[in-house]
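Text of the file final.cif, holding mmCIF, C-alpha atoms:
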```cif
data_entry
loop_
_atom_site.group_PDB
_atom_site.id
_atom_site.type_symbol
_atom_site.label_atom_id
_atom_site.label_comp_id
_atom_site.auth_asym_id
_atom_site.auth_seq_id
_atom_site.Cartn_x
_atom_site.Cartn_y
_atom_site.Cartn_z
ATOM 1 C CA MET X 1155 39.558 -0.422 18.769
ATOM 2 C CA THR X 1156 36.397 -0.270 16.634
ATOM 3 C CA GLU X 1157 34.352 -3.453 16.853
ATOM 4 C CA ARG X 1158 33.599 -4.994 13.474
ATOM 5 C CA ARG X 1159 29.925 -5.542 12.839
ATOM 6 C CA PRO X 1160 28.692 -8.862 11.416
ATOM 7 C CA ASN X 1161 28.526 -9.032 7.627
ATOM 8 C CA ALA X 1162 24.761 -9.599 7.724
ATOM 9 C CA GLU X 1163 24.239 -6.385 9.693
ATOM 10 C CA ARG X 1164 26.418 -4.359 7.334
ATOM 11 C CA SER X 1165 24.632 -5.899 4.363
ATOM 12 C CA ARG X 1166 21.213 -4.925 5.770
ATOM 13 C CA GLU X 1167 22.448 -1.392 6.404
ATOM 14 C CA THR X 1168 23.784 -1.048 2.860
ATOM 15 C CA ARG X 1169 20.554 -2.381 1.367
ATOM 16 C CA GLY X 1170 18.561 -0.009 3.541
ATOM 17 C CA ARG X 1171 20.646 2.986 2.474
ATOM 18 C CA ILE X 1172 20.144 2.095 -1.185
ATOM 19 C CA LEU X 1173 16.384 1.762 -0.756
ATOM 20 C CA TRP X 1174 16.123 4.994 1.227
ATOM 21 C CA ALA X 1175 18.111 6.958 -1.366
ATOM 22 C CA ALA X 1176 16.194 5.396 -4.244
ATOM 23 C CA ARG X 1177 12.876 6.170 -2.571
ATOM 24 C CA GLN X 1178 13.733 9.866 -2.369
ATOM 25 C CA LEU X 1179 14.810 9.969 -6.010
ATOM 26 C CA PHE X 1180 11.831 7.979 -7.314
ATOM 27 C CA ALA X 1181 9.486 10.258 -5.383
ATOM 28 C CA GLU X 1182 11.131 13.427 -6.686
ATOM 29 C CA LYS X 1183 12.137 12.523 -10.242
ATOM 30 C CA GLY X 1184 10.055 9.483 -11.086
ATOM 31 C CA TYR X 1185 11.371 6.105 -12.191
ATOM 32 C CA ALA X 1186 12.727 7.324 -15.528
ATOM 33 C CA GLY X 1187 14.453 10.333 -13.993
ATOM 34 C CA ALA X 1188 16.199 8.446 -11.185
ATOM 35 C CA SER X 1189 19.387 6.931 -12.616
ATOM 36 C CA THR X 1190 21.393 4.199 -10.932
ATOM 37 C CA PRO X 1191 24.483 6.491 -10.698
ATOM 38 C CA ALA X 1192 22.307 9.030 -8.878
ATOM 39 C CA ILE X 1193 21.057 6.335 -6.503
ATOM 40 C CA VAL X 1194 24.629 5.180 -5.839
ATOM 41 C CA ALA X 1195 25.729 8.734 -5.138
ATOM 42 C CA ALA X 1196 22.791 9.498 -2.852
ATOM 43 C CA ALA X 1197 23.233 6.254 -0.918
ATOM 44 C CA LYS X 1198 27.005 6.780 -0.704
ATOM 45 C CA VAL X 1199 27.752 3.236 -1.798
ATOM 46 C CA THR X 1200 29.708 1.776 -4.683
ATOM 47 C CA ARG X 1201 28.090 0.710 -7.930
ATOM 48 C CA GLY X 1202 29.211 -2.821 -7.109
ATOM 49 C CA ALA X 1203 27.358 -2.673 -3.784
ATOM 50 C CA LEU X 1204 24.128 -1.695 -5.528
ATOM 51 C CA TYR X 1205 24.390 -4.565 -8.009
ATOM 52 C CA HIS X 1206 25.320 -6.964 -5.228
ATOM 53 C CA HIS X 1207 21.912 -6.366 -3.673
ATOM 54 C CA PHE X 1208 19.807 -5.612 -6.764
ATOM 55 C CA ALA X 1209 19.943 -6.956 -10.313
ATOM 56 C CA ASP X 1210 18.972 -3.642 -11.902
ATOM 57 C CA LYS X 1211 17.058 -0.400 -11.339
ATOM 58 C CA ALA X 1212 13.726 -2.206 -11.701
ATOM 59 C CA ALA X 1213 14.734 -4.509 -8.830
ATOM 60 C CA VAL X 1214 15.591 -1.466 -6.696
ATOM 61 C CA PHE X 1215 12.199 0.012 -7.538
ATOM 62 C CA ALA X 1216 10.489 -3.259 -6.600
ATOM 63 C CA GLY X 1217 12.290 -3.162 -3.260
ATOM 64 C CA VAL X 1218 11.103 0.388 -2.663
ATOM 65 C CA VAL X 1219 7.530 -0.568 -3.594
ATOM 66 C CA ALA X 1220 7.574 -3.534 -1.198
ATOM 67 C CA ALA X 1221 8.965 -1.418 1.653
ATOM 68 C CA GLU X 1222 6.445 1.376 1.048
ATOM 69 C CA GLN X 1223 3.523 -1.033 0.838
ATOM 70 C CA ALA X 1224 4.668 -2.813 4.000
ATOM 71 C CA ASP X 1225 4.708 0.497 5.880
ATOM 72 C CA VAL X 1226 1.221 1.351 4.636
ATOM 73 C CA GLY X 1227 -0.045 -2.084 5.651
ATOM 74 C CA ALA X 1228 1.466 -1.781 9.130
ATOM 75 C CA ARG X 1229 -0.277 1.552 9.627
ATOM 76 C CA MET X 1230 -3.591 0.044 8.552
ATOM 77 C CA GLU X 1231 -3.121 -2.795 11.031
ATOM 78 C CA LYS X 1232 -2.265 -0.445 13.888
ATOM 79 C CA ALA X 1233 -5.237 1.828 13.183
ATOM 80 C CA ALA X 1234 -7.685 -1.063 12.967
ATOM 81 C CA GLN X 1235 -6.599 -2.389 16.362
ATOM 82 C CA ALA X 1236 -7.880 0.788 18.021
ATOM 83 C CA ASN X 1237 -11.474 -0.513 17.878
ATOM 84 C CA SER X 1238 -13.065 -3.893 18.484
ATOM 85 C CA ASP X 1239 -15.991 -3.427 16.083
ATOM 86 C CA PRO X 1240 -15.219 -5.226 12.782
ATOM 87 C CA ILE X 1241 -16.872 -2.585 10.592
ATOM 88 C CA GLU X 1242 -15.110 0.235 12.429
ATOM 89 C CA GLN X 1243 -11.821 -1.659 12.048
ATOM 90 C CA LEU X 1244 -12.322 -1.764 8.283
ATOM 91 C CA ILE X 1245 -13.116 1.952 8.221
ATOM 92 C CA LEU X 1246 -10.137 2.882 10.397
ATOM 93 C CA GLY X 1247 -7.854 0.736 8.272
ATOM 94 C CA GLY X 1248 -9.118 2.440 5.123
ATOM 95 C CA GLU X 1249 -8.621 5.887 6.624
ATOM 96 C CA ALA X 1250 -5.092 4.956 7.687
ATOM 97 C CA TYR X 1251 -4.393 3.766 4.154
ATOM 98 C CA VAL X 1252 -5.474 7.091 2.685
ATOM 99 C CA VAL X 1253 -3.440 9.094 5.218
ATOM 100 C CA ALA X 1254 -0.345 6.936 4.692
ATOM 101 C CA MET X 1255 -0.655 7.272 0.919
ATOM 102 C CA ALA X 1256 -0.652 11.068 1.243
ATOM 103 C CA GLU X 1257 3.052 11.071 2.139
ATOM 104 C CA VAL X 1258 5.129 12.852 -0.476
ATOM 105 C CA GLY X 1259 5.852 10.656 -3.471
ATOM 106 C CA ARG X 1260 4.052 7.581 -2.199
ATOM 107 C CA ARG X 1261 1.052 7.778 -4.511
ATOM 108 C CA ARG X 1262 3.397 8.274 -7.444
ATOM 109 C CA ILE X 1263 5.472 5.237 -6.511
ATOM 110 C CA LEU X 1264 2.672 2.828 -5.590
ATOM 111 C CA LEU X 1265 -0.355 3.850 -7.640
ATOM 112 C CA VAL X 1266 0.969 5.690 -10.683
ATOM 113 C CA GLU X 1267 4.369 4.275 -11.649
ATOM 114 C CA GLY X 1268 4.289 0.947 -9.816
ATOM 115 C CA PRO X 1269 1.890 -0.797 -12.224
ATOM 116 C CA VAL X 1270 3.730 0.653 -15.247
ATOM 117 C CA VAL X 1271 7.265 -0.263 -14.141
ATOM 118 C CA LEU X 1272 6.576 -3.637 -12.524
ATOM 119 C CA GLY X 1273 3.485 -4.675 -14.471
ATOM 120 C CA SER X 1274 -0.005 -5.096 -13.088
ATOM 121 C CA GLU X 1275 0.450 -8.723 -12.016
ATOM 122 C CA ARG X 1276 3.635 -8.104 -10.034
ATOM 123 C CA ILE X 1277 2.352 -4.968 -8.313
ATOM 124 C CA GLU X 1278 -0.854 -6.778 -7.374
ATOM 125 C CA ARG X 1279 1.142 -9.615 -5.822
ATOM 126 C CA ILE X 1280 2.949 -7.093 -3.626
ATOM 127 C CA ARG X 1281 -0.284 -5.289 -2.768
ATOM 128 C CA ALA X 1282 -1.980 -8.602 -2.006
ATOM 129 C CA VAL X 1283 0.430 -9.241 0.862
ATOM 130 C CA HIS X 1284 0.108 -5.858 2.558
ATOM 131 C CA LEU X 1285 -3.238 -4.415 1.415
ATOM 132 C CA ARG X 1286 -5.660 -6.886 -0.082
ATOM 133 C CA SER X 1287 -4.993 -9.554 2.540
ATOM 134 C CA ARG X 1288 -5.918 -7.106 5.316
ATOM 135 C CA ILE X 1289 -9.109 -5.994 3.602
ATOM 136 C CA ASP X 1290 -9.991 -9.622 2.830
ATOM 137 C CA ALA X 1291 -9.509 -10.598 6.481
ATOM 138 C CA GLY X 1292 -11.575 -7.615 7.609
ATOM 139 C CA VAL X 1293 -14.453 -8.445 5.284
ATOM 140 C CA LYS X 1294 -14.458 -12.093 6.361
ATOM 141 C CA GLN X 1295 -14.498 -11.013 10.003
ATOM 142 C CA ILE X 1296 -17.485 -8.774 9.328
ATOM 143 C CA MET X 1297 -19.325 -11.589 7.580
ATOM 144 C CA ALA X 1298 -18.563 -13.994 10.420
ATOM 145 C CA SER X 1299 -19.830 -11.500 13.000
ATOM 146 C CA GLY X 1300 -23.347 -11.578 11.633
ATOM 147 C CA LEU X 1301 -23.485 -7.772 11.621
ATOM 148 C CA VAL X 1302 -24.225 -7.623 7.898
ATOM 149 C CA ALA X 1303 -26.090 -9.621 5.323
ATOM 150 C CA GLN X 1304 -23.924 -12.162 3.514
ATOM 151 C CA VAL X 1305 -22.467 -10.890 0.238
ATOM 152 C CA PRO X 1306 -19.779 -12.400 -2.034
ATOM 153 C CA VAL X 1307 -16.417 -11.704 -0.411
ATOM 154 C CA GLU X 1308 -14.122 -11.419 -3.459
ATOM 155 C CA PRO X 1309 -16.208 -8.833 -5.349
ATOM 156 C CA LEU X 1310 -16.628 -6.810 -2.159
ATOM 157 C CA VAL X 1311 -12.865 -6.861 -1.500
ATOM 158 C CA ASP X 1312 -12.236 -5.759 -5.105
ATOM 159 C CA LEU X 1313 -14.617 -2.822 -4.680
ATOM 160 C CA LEU X 1314 -13.124 -1.771 -1.343
ATOM 161 C CA VAL X 1315 -9.556 -1.855 -2.692
ATOM 162 C CA ALA X 1316 -10.694 0.301 -5.618
ATOM 163 C CA LEU X 1317 -12.524 2.637 -3.229
ATOM 164 C CA PHE X 1318 -9.490 3.139 -0.971
ATOM 165 C CA ASP X 1319 -7.218 3.629 -3.997
ATOM 166 C CA ARG X 1320 -9.536 6.230 -5.498
ATOM 167 C CA VAL X 1321 -9.725 8.213 -2.276
ATOM 168 C CA ALA X 1322 -5.942 7.965 -1.896
ATOM 169 C CA LEU X 1323 -5.467 9.370 -5.405
ATOM 170 C CA VAL X 1324 -7.823 12.342 -5.187
ATOM 171 C CA ALA X 1325 -8.059 13.312 -1.512
ATOM 172 C CA ASP X 1326 -5.937 16.192 -0.251
ATOM 173 C CA ARG X 1327 -5.726 18.174 2.992
ATOM 174 C CA GLU X 1328 -8.713 20.344 2.075
ATOM 175 C CA ASN X 1329 -11.181 17.738 0.865
ATOM 176 C CA PHE X 1330 -10.127 14.738 2.932
ATOM 177 C CA PRO X 1331 -12.802 15.344 5.622
ATOM 178 C CA ALA X 1332 -15.514 15.101 2.945
ATOM 179 C CA TYR X 1333 -14.010 11.937 1.470
ATOM 180 C CA ARG X 1334 -13.617 10.489 4.959
ATOM 181 C CA HIS X 1335 -17.320 11.111 5.632
ATOM 182 C CA ALA X 1336 -18.283 9.475 2.329
ATOM 183 C CA LEU X 1337 -15.961 6.503 2.932
ATOM 184 C CA ARG X 1338 -17.495 5.928 6.354
ATOM 185 C CA ALA X 1339 -21.024 6.126 4.960
ATOM 186 C CA LEU X 1340 -20.252 3.615 2.214
ATOM 187 C CA VAL X 1341 -18.617 1.038 4.486
ATOM 188 C CA GLN X 1342 -21.257 1.423 7.174
ATOM 189 C CA GLY X 1343 -23.798 0.794 4.428
ATOM 190 C CA LEU X 1344 -22.723 -2.855 4.535
ATOM 191 C CA LYS X 1345 -25.199 -3.153 7.396
ATOM 192 C CA VAL X 1346 -28.035 -2.660 4.902
ATOM 193 C CA ALA X 1347 -29.445 -5.814 3.334
ATOM 194 C CA PRO X 1348 -28.069 -6.346 -0.205
ATOM 195 C CA PRO X 1349 -30.374 -6.426 -3.260
ATOM 196 C CA SER X 1350 -31.759 -9.751 -4.384
ATOM 197 C CA ASP X 1351 -30.194 -11.465 -7.385
ATOM 198 C CA GLY X 1352 -33.202 -10.637 -9.528
ATOM 199 C CA ASP X 1353 -32.880 -6.875 -9.045
ATOM 200 C CA PHE X 1354 -30.196 -6.453 -11.694
ATOM 201 C CA VAL X 1355 -29.297 -8.497 -14.741
ATOM 202 C CA LEU X 1356 -26.204 -7.832 -16.868
ATOM 203 C CA VAL X 1357 -27.039 -8.335 -20.546
#
```

Take the structure I supplied and represent it as structure tokens, if you would.
Amino acid sequence: MTERRPNAERSRETRGRILWAARQLFAEKGYAGASTPAIVAAAKVTRGALYHHFADKAAVFAGVVAAEQADVGARMEKAAQANSDPIEQLILGGEAYVVAMAEVGRRRILLVEGPVVLGSERIERIRAVHLRSRIDAGVKQIMASGLVAQVPVEPLVDLLVALFDRVALVADRENFPAYRHALRALVQGLKVAPPSDGDFVLV
């Protein structure tokens, strides 16, 4: 006799199947081109099952974004742990971010359509948990180590997030080594003393 699985386990499996199917469709067809009937068919679930777990297609997309960003963040964390030097950890985490973002469809989902579909505030809240928080912790660790001159943390985190995003958007298999070299040079440049406040005035 087949043993019945707990409802919670079956619910997690159904949700996972929906997210997996939706991820493939969003990556291939984009948000607008991936219909809920197509997601239901690809996941091999009922329409009722989809709406039991998600209010609408936007909620499914948000679930995909969160899962994708969590995977990227986990890869950053794992890569950073390979070295004990705080600056090298930040570099390795950034490189892992770029490599993870190169997976088919991921840049489209997270960097191109994510802000449009979910809005900039919502996408940034998701990214804050899995991306910004890691970069923020890395920068604070570097500052605490005394390896670099003290600079404002928030502006530096903003610039690093933008740097990693830019490399993720434009780097491909052919030019990634060059971008990797430039990324390393920029982050290692944190060891150089920053300019004094009087060196530049915004008018």

Fill in: Reference answer for the PyMOL selection byres ((chain X and resi 1258) around 12), as an NGL selection string
:X and (1177-1182 or 1222 or 1253-1257 or 1259-1264 or 1326)

Could you write out that same residue set with C-alpha atoms as a PDB file, keeping the file's coordinate frame?
```
ATOM      1  CA  ARG X1177      12.876   6.170  -2.571  1.00  0.00           C
ATOM      2  CA  GLN X1178      13.733   9.866  -2.369  1.00  0.00           C
ATOM      3  CA  LEU X1179      14.810   9.969  -6.010  1.00  0.00           C
ATOM      4  CA  PHE X1180      11.831   7.979  -7.314  1.00  0.00           C
ATOM      5  CA  ALA X1181       9.486  10.258  -5.383  1.00  0.00           C
ATOM      6  CA  GLU X1182      11.131  13.427  -6.686  1.00  0.00           C
ATOM      7  CA  GLU X1222       6.445   1.376   1.048  1.00  0.00           C
ATOM      8  CA  VAL X1253      -3.440   9.094   5.218  1.00  0.00           C
ATOM      9  CA  ALA X1254      -0.345   6.936   4.692  1.00  0.00           C
ATOM     10  CA  MET X1255      -0.655   7.272   0.919  1.00  0.00           C
ATOM     11  CA  ALA X1256      -0.652  11.068   1.243  1.00  0.00           C
ATOM     12  CA  GLU X1257       3.052  11.071   2.139  1.00  0.00           C
ATOM     13  CA  GLY X1259       5.852  10.656  -3.471  1.00  0.00           C
ATOM     14  CA  ARG X1260       4.052   7.581  -2.199  1.00  0.00           C
ATOM     15  CA  ARG X1261       1.052   7.778  -4.511  1.00  0.00           C
ATOM     16  CA  ARG X1262       3.397   8.274  -7.444  1.00  0.00           C
ATOM     17  CA  ILE X1263       5.472   5.237  -6.511  1.00  0.00           C
ATOM     18  CA  LEU X1264       2.672   2.828  -5.590  1.00  0.00           C
ATOM     19  CA  ASP X1326      -5.937  16.192  -0.251  1.00  0.00           C
TER      20      ASP X1326
END
```

Worksheet item: Using only C-alpha atoms, can you list as a PyMOL selection string the residues within 12 Å of (-6.0, -6.0, 5.6)?
Response: chain X and resi 1223-1224+1226-1235+1240+1243-1248+1250-1251+1281-1295+1311+1314-1315+1318

Worksheet item: Mind pulling up the distance from CA of Leu1301 (chain X) to CA of Gln1342 (chain X)?
Response: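 If I compute the distance from CA of Gln1342 (chain X) to CA of Leu1301 (chain X), I get 10.5 Å.
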
Worksheet entry | Nearest candidate to Ala1220 (chain X) (options X:Gly1268, X:Leu1344, X:Gln1304, X:Gly1187; using all atoms listed in the file) | X:Gly1268

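With CA of Glu1242 (chain X) on one side and CA of Ile1296 (chain X) on the other, the separation reads 9.8 Å.
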